[in-house]
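Trainee: One structure, pasted below without further comment.
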Amino acid sequence: MPSEWHSHVRPDTHVVLELSSGVLKIVEIILNTNISIAKFGTFPTDALVGRPFHLTYEITDRTDLDGRPLLRIVPIEELNSEQFGQEEPESSTRASRAESGADDGDAKIDFTGSNENSAMKDNRFTVDDSSRQTLSMSEIEELKKTDTGSGKYIVTKILASHKYLDEKSQFSLAKYALRKVKKYLKRFTVRPIDVTMLTQVIRERYSKKIMHLRPEHLGLLTSMVDVHFSEPTESTFDHSNHTTGPGRWLAVDETGGLLVAAMAEKMGILYPTEDDTYEGESDNTEEKESNDPALVEPCSNSINQPPAQDDATSMASKRKSRASLRRQIPAMSASTNTITLINPNIQSKLHLLKHFNFDQDDPDPLHPLYTHLKTLSWIQLLHTYADRPEATPEQLDAWTSTQRGSYYRKLRRWELVKSVVDDTRSGGFDGIILATPMEPQSILKHTLPLLRGGAQVVVYWPHVEPLSQLHDLFSRERKSAFADRYYQDPDSINEVDFPLNPLHVLNIRLQVLRARQWQVLEGRTHPMMTAKGGPEGCVFAGIRVIPSATKVEAKGRFPKKRKKEPSLEEIEQAEKRLKGAEISYQN
Amino acid sequence: MFKTSPFLDPGTHSAPNSLALLYLRRDLLQPLLLPSVDTSSTSEAVDPVINTRFGSYPYSTLVNQPWGTQISATAISKKPSKSSTANKNKNKKRKRGDADAPNSGGEDNRGDNYGDDDDAGHETVAGFAHLLPPTPELWTLALPHRTQVVYTPDYSYILQRLRVRPGDVIIEAGAGSGSFTHAAARAVFSGYPASVEVVQNGGAEDDGERKKKKRKRKYGRVCSFEYHSDRAKQLSSEIAEHGLEGIVTVTHRDVYSGGFSLEPSNEEGGDKTPISPNANAVFLDLPAPWLALKHLTRTARAHDRAARNPRLSNPSAPTVDGSITIIASTPSNSTSISTSSDSRFVSPLNRLTSTHLCTFSPCIEQVTATVSALHSLGWRDIDMVEIQHKQIEVRRERIGGDEGGPATVEEAVARLKEVEGRWKEFHDERVAERMKGGRGPRGPKGKDGRKVEVEEDLKDENGKAQETMNAGRAKVSKAWEEGRLVHRTEPELKTHTSYLVFAVLPREWTAEDEEKARRKWNSKK
Ligand SMILES: C[S@@+](CC[C@H](N)C(=O)[O-])C[C@H]1O[C@@H](n2cnc3c(N)ncnc32)[C@H](O)[C@@H]1O
């Protein structure tokens, strides 16, 4: 189950290291290798494996036999008191228990200036120039070189060398210390990789690649499209015309797979199915070692072999077993809980899924996405797919085994495409979601008919304009004009005026949202002073409906009829208009 | 028979005994529990009618319809005015100033019920509605409001940040009107626990390899707590009606004193130890979340220590800054509320995973108290955000203004010329007449009189020109394309809902655990 995947660091997965500076870094966990962090140094990957997530490590000046630094787990109490100031922690005993034995014994840094009086100090005497720091840049550089450990020494030194430290008010001292901690302390926190985390990592530098999506967008998009886990139940088959499903969603994703990942996460098909450890409901029972996934034996490959060779052999055997499994398990074969991705290109670009162990070019057949993610191109959906590869029995007999092999491969490929295309064309999808720079209306023209009544239509765009244009295709005026024409003479409808049937989408909403970050330090709570700007991001959402086959009598009067009997306002306006004309004449 | 939830699998058609929503117009939805009446008979006796402001709908027209169908109201001889339940409900809601109710009477209340702009309250029978399957988003708009509720922009972010995924267990308190509950149920859903051996992996089920590895599945659950007895009861019955019983458990409890364990089933009578929900996510929408936090510890020791801290236990203790006191209301009939004794504390948290927590509070003082409590209880990554959300309206705006002004300088000039020309023409005419010595075309003599006349005349002329122009335009123009496409924020903005405080409590990791892990994983060389 998903929570296992996120409970502790496992070999052959990706994790995120959050450095004390706030920088996020994705690393792959491979046994018997090292992880290097610039300015921090190199440490063995194995020191993280099997440990739970959300622990913070500090690089110490103690080393192992290979000269690699040892890590110390920083107790939460220590982290919190640095951030929030001195408060008597409730559970201080945990702190000492959790230390991994490598305490470097430095004196604790006083982050709060908690000696009496300091709280009352104000800043009227502080000097506003950099001369207050008596250490020169080069001296600090020197210190950095000599301090091979956690960086605590530097921070203490810097604080001690601050001429007017005593004059700082408590808050500004805490701020100063915290800044130095962030800059010089060699600490990092291990985070599980998930859609929210991945979005944050990419946003730091490649926001454009993911169309400026933020976690709050992904939350809203996946909610609006109502994507969730689905499985067939008895009642599914009550409805005779329920051919497939439930739980089939359409998507167009040009964010490198982030959108697909966000959907898959909500559907329970993003993370690899666990094939080891954890036999069911152990959580509540007595602590048994074997039940604790963090403490299970490492996988079969021997750790005594030299790393390089070990890697090579295991990779090769993994490949082979994957290939043979793929022949047994048909790809894209699930009929429920699926994402059908329509590509503008021959191949979909889903490289971000590799962080969830799904490699598009060499998919693991046991990964849920292998069966639940279906892909096809626009040409396959809208036009014919290639002819079935044919071969007479005679030909087959005459062929060499390689020729036969290639024929069957082609045939399998063709059958796969046919099954996905037929499934998609059969329609009945529960929703569609778009994050693509393509014109949304052209996509909806071909996909609205594939949605069942009551399905969700959701479109994301970095900017409002394309979506306000889309909204305009469903305006009230267009709806009533369409209805007038349609029910009289359906042939009078043309695509220029009505690119989409305006009666097909109901309850349209355009929304923008932003998570505004706050600083919550005692006595210093306020919104963050700065945030990343750029495209705001906009979400269009509506519901696919089925208009009545005959014209429905709408209650009330149509605007046209109103002309006969102008309202008071209209009379007033007409009068004003005339006055205006007169005035301009007189001048 | 096993009942599925229309929220999780609505099927293709509306079904008897199941929830459907009647969409009347924007933000106005009527929840309907479709009865299992004999629909073959159309006699009114067995075919109850739902009356709305937008017509009357006999149930027989609503059952077994494809979802999304537009349904015409049926003309009913009865005066529909007397039992318009939808109407009553909504009016009540509106009066309470609920922000999501339709903006009454505003020009921006553009219904999807196109052509239907008459809001003057005439009782009519004609009209239509759309029949929709329920989703948490629509339910949030349609549900009977018993409390403030968490709306989509907030809950979607909360569930995203809490990393709530299928198979997870989330604790929720207080459940209130159940808005968050439904969204959470969708997020954790990983199958109905009662169902037996359903195919888990789509097409791959025939694979022999996999069968060997078949494991017991963990089902996602929502453990809801609510101390208001009527609200707890009503939510329980809604959960049952919505087919979510296997997924959501509603417990009637004061969580400040009673904590978050689940009631042991009373059937067997034997073991009365409270059951841990084994949660990995927690959402607190309570007036004083910090009073509930002491129950969200991992060990009995931590719990006892926290329970002795007056700030985390005493409802009337001042908050950290000492200046503001938030009194958490305690239920009057506390005797009827189950409390679990501290001596039998079971941690409600899954001990093998981290726990993600979110509290939802409108006031900054609540945030301060919560953050301080989280800090002292060893939570980390304490973070606060606020979701700023806007709905955007799209419309077309006439260039030159609503009042029919010219769109361009050229148009202005052309119009002026026209008016000027006519004035001149008229003036010349007058001069000519006067030269002839005759009277003016119409009207009385005299200076003043003439002026009035001219104006009248002009007005007339201008009006006529305008009319013909309008008529001409109406013939060729496309009303939906007129003007410039613009967007703007909705007229009523929700500028603040609540502050969202997030925190993480990692699993316990002792020096002993670390030593074990080190022996198992660190390469020995
Ligand atoms: C704002 S409402 C929650 C609304 C809910 N989140 C929703 O989306 O519909 C807060 C609820 O918490 C309940 N509550 C307050 N204090 C409580 C306590 N100590 N234990 C349990 N429930 C409590 C109230 O009765 C109220 O129904």
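Chain lettering (A, B, ...) mirrors the order of the structure tokens, residue numbering begins at 1 for each chain separately, and ligand numbering begins at 1 in order of display.
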Could I get the residue neighbourhood of ligand 1 at 6 Å, counting only C-alpha atoms and all ligand atoms, as a ChimeraX atom specification?
Mentor: /B:147-150,173-180,225-228,253-256,285-287
Trainee: I want to know what sits within 6 Å of range 319-329 of chain A, based on only C-alpha atoms, with residues of the same chain fewer than 2 positions away left out; could you give that as a list of chain:residue names?
Mentor: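 In the requested format, the answer is A:Ala316, A:Ser317, A:Asp364, A:Pro365, B:Ala204.
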Trainee: When you look at Gly428 in chain A with a cut-off of 7 Å (counting only C-alpha atoms), what residues show up, excluding the ones that are within fewer than 5 positions of it in the same chain? I need them as a list in words.
Mentor: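 Residues near the query, excluding close chain neighbours: Leu450, Leu451 and Arg452 of chain A.
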Trainee: Extract, using only C-alpha atoms, all DNA, RNA and protein residues at most 9 Å from Thr255 in chain A, discarding same-chain residues fewer than 3 positions from it, and format them as number ranges by chain.
Mentor: A: 208-211, 213, 258-260, 349-350, 352, 435-436
Trainee: Restricting it to all heavy atoms, dump the selection as a CSV table (one decimal), in the first residue's frame.
Mentor:
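Output contents, as saved in selection_27.csv:
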```csv
chain,number,residue,atom,x,y,z
A,208,LYS,N,8.7,26.4,-16.4
A,208,LYS,CA,8.0,26.4,-17.7
A,208,LYS,C,7.7,25.0,-18.2
A,208,LYS,O,6.7,24.8,-18.9
A,208,LYS,CB,9.0,27.2,-18.6
A,208,LYS,CG,8.3,27.6,-19.9
A,208,LYS,CD,9.1,28.5,-20.7
A,208,LYS,CE,8.5,28.6,-22.1
A,208,LYS,NZ,9.5,28.6,-23.2
A,209,LYS,N,8.6,24.1,-17.9
A,209,LYS,CA,8.5,22.7,-18.5
A,209,LYS,C,7.2,22.1,-18.0
A,209,LYS,O,6.7,21.1,-18.6
A,209,LYS,CB,9.7,21.9,-18.0
A,209,LYS,CG,11.0,22.3,-18.7
A,209,LYS,CD,11.5,21.2,-19.6
A,209,LYS,CE,12.4,21.6,-20.7
A,209,LYS,NZ,13.7,22.1,-20.3
A,210,ILE,N,6.8,22.5,-16.8
A,210,ILE,CA,5.5,21.9,-16.3
A,210,ILE,C,4.4,22.9,-16.4
A,210,ILE,O,3.4,22.9,-15.6
A,210,ILE,CB,5.7,21.4,-14.8
A,210,ILE,CG1,6.3,22.5,-13.9
A,210,ILE,CG2,6.6,20.1,-14.8
A,210,ILE,CD1,6.3,22.1,-12.5
A,211,MET,N,4.5,23.8,-17.3
A,211,MET,CA,3.5,24.8,-17.6
A,211,MET,C,3.1,25.6,-16.3
A,211,MET,O,2.0,26.0,-16.1
A,211,MET,CB,2.2,24.2,-18.2
A,211,MET,CG,2.4,23.7,-19.6
A,211,MET,SD,1.0,23.0,-20.3
A,211,MET,CE,0.0,24.4,-20.7
A,213,LEU,N,2.8,24.8,-13.3
A,213,LEU,CA,1.9,24.2,-12.3
A,213,LEU,C,2.4,24.3,-10.9
A,213,LEU,O,3.6,24.1,-10.7
A,213,LEU,CB,1.7,22.7,-12.7
A,213,LEU,CG,0.7,22.4,-13.8
A,213,LEU,CD1,0.9,20.9,-14.3
A,213,LEU,CD2,-0.8,22.6,-13.3
A,258,LEU,N,3.8,15.1,-15.4
A,258,LEU,CA,3.4,15.5,-14.1
A,258,LEU,C,1.9,15.4,-13.9
A,258,LEU,O,1.4,15.0,-12.8
A,258,LEU,CB,3.9,17.0,-13.9
A,258,LEU,CG,3.7,17.5,-12.4
A,258,LEU,CD1,4.6,16.7,-11.5
A,258,LEU,CD2,3.9,19.0,-12.3
A,259,LEU,N,1.2,15.8,-14.9
A,259,LEU,CA,-0.3,15.7,-14.8
A,259,LEU,C,-0.7,14.3,-14.7
A,259,LEU,O,-1.6,13.9,-13.8
A,259,LEU,CB,-0.9,16.4,-16.0
A,259,LEU,CG,-2.5,16.4,-16.0
A,259,LEU,CD1,-3.0,17.4,-15.0
A,259,LEU,CD2,-3.0,16.7,-17.4
A,260,VAL,N,-0.2,13.4,-15.5
A,260,VAL,CA,-0.5,12.0,-15.4
A,260,VAL,C,-0.1,11.5,-14.0
A,260,VAL,O,-0.9,10.7,-13.4
A,260,VAL,CB,0.2,11.2,-16.5
A,260,VAL,CG1,0.2,9.7,-16.2
A,260,VAL,CG2,-0.4,11.5,-17.8
A,349,LYS,N,5.6,12.0,-24.0
A,349,LYS,CA,6.8,12.4,-23.2
A,349,LYS,C,6.4,12.3,-21.8
A,349,LYS,O,5.8,13.2,-21.2
A,349,LYS,CB,7.2,13.8,-23.7
A,349,LYS,CG,7.7,13.8,-25.1
A,349,LYS,CD,8.1,15.2,-25.5
A,349,LYS,CE,8.5,15.2,-27.0
A,349,LYS,NZ,8.1,16.4,-27.6
A,350,LEU,N,6.9,11.3,-21.1
A,350,LEU,CA,6.5,11.1,-19.7
A,350,LEU,C,7.7,10.9,-18.9
A,350,LEU,O,7.7,10.1,-17.9
A,350,LEU,CB,5.6,9.8,-19.7
A,350,LEU,CG,4.3,9.9,-20.4
A,350,LEU,CD1,3.6,8.6,-20.5
A,350,LEU,CD2,3.3,10.9,-19.8
A,352,LEU,N,9.0,12.3,-16.5
A,352,LEU,CA,9.0,12.5,-15.0
A,352,LEU,C,8.5,11.3,-14.3
A,352,LEU,O,8.7,11.2,-13.1
A,352,LEU,CB,8.0,13.7,-14.7
A,352,LEU,CG,8.6,15.1,-15.1
A,352,LEU,CD1,7.6,16.2,-14.7
A,352,LEU,CD2,9.9,15.4,-14.4
A,435,ALA,N,-3.6,19.7,-20.0
A,435,ALA,CA,-2.5,20.6,-19.7
A,435,ALA,C,-1.6,20.6,-20.9
A,435,ALA,O,-0.7,19.8,-20.9
A,435,ALA,CB,-1.8,20.2,-18.4
A,436,THR,N,-1.9,21.4,-21.8
A,436,THR,CA,-1.2,21.4,-23.1
A,436,THR,C,-1.3,22.8,-23.7
A,436,THR,O,-2.3,23.5,-23.6
A,436,THR,CB,-1.8,20.3,-24.1
A,436,THR,OG1,-1.3,20.6,-25.4
A,436,THR,CG2,-3.3,20.4,-24.1
```
Trainee: Find, counting only C-alpha atoms, the residue in A:Met224, A:Leu434, A:Met263, A:Ile202 that gets nearest to chain B.
Mentor: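 The shortest atom-to-atom distance to chain B comes from A:Met224.
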Trainee: Quick one: everything within 6 Å of Val505 in chain A, counting only C-alpha atoms, minus sequence neighbours fewer than 5 positions away in the same chain. Send it as a PDB file with N, CA, C and O atoms, in the first residue's frame.
Mentor:
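Output saved as around.pdb:
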```pdb
ATOM      1  N   GLY A 542     -16.012  22.287 -16.116  1.00  0.00           N
ATOM      2  CA  GLY A 542     -17.421  22.230 -16.470  1.00  0.00           C
ATOM      3  C   GLY A 542     -17.899  20.787 -16.439  1.00  0.00           C
ATOM      4  O   GLY A 542     -17.115  19.868 -16.191  1.00  0.00           O
ATOM      5  N   ILE A 543     -19.173  20.594 -16.698  1.00  0.00           N
ATOM      6  CA  ILE A 543     -19.738  19.248 -16.663  1.00  0.00           C
ATOM      7  C   ILE A 543     -20.376  18.942 -18.008  1.00  0.00           C
ATOM      8  O   ILE A 543     -21.150  19.744 -18.546  1.00  0.00           O
ATOM      9  N   ARG A 544     -20.046  17.790 -18.539  1.00  0.00           N
ATOM     10  CA  ARG A 544     -20.618  17.348 -19.813  1.00  0.00           C
ATOM     11  C   ARG A 544     -22.070  16.960 -19.579  1.00  0.00           C
ATOM     12  O   ARG A 544     -22.373  16.174 -18.671  1.00  0.00           O
ATOM     13  N   VAL A 545     -22.960  17.523 -20.376  1.00  0.00           N
ATOM     14  CA  VAL A 545     -24.378  17.165 -20.249  1.00  0.00           C
ATOM     15  C   VAL A 545     -24.958  16.824 -21.609  1.00  0.00           C
ATOM     16  O   VAL A 545     -24.335  17.031 -22.649  1.00  0.00           O
TER      17      VAL A 545
END
```
Trainee: Running DSSP on the backbone, which parts of range 332-381 of chain A land in helix (DSSP H, G or I), as number ranges by chain?
Mentor: A: 351-356, 368-372, 378-381
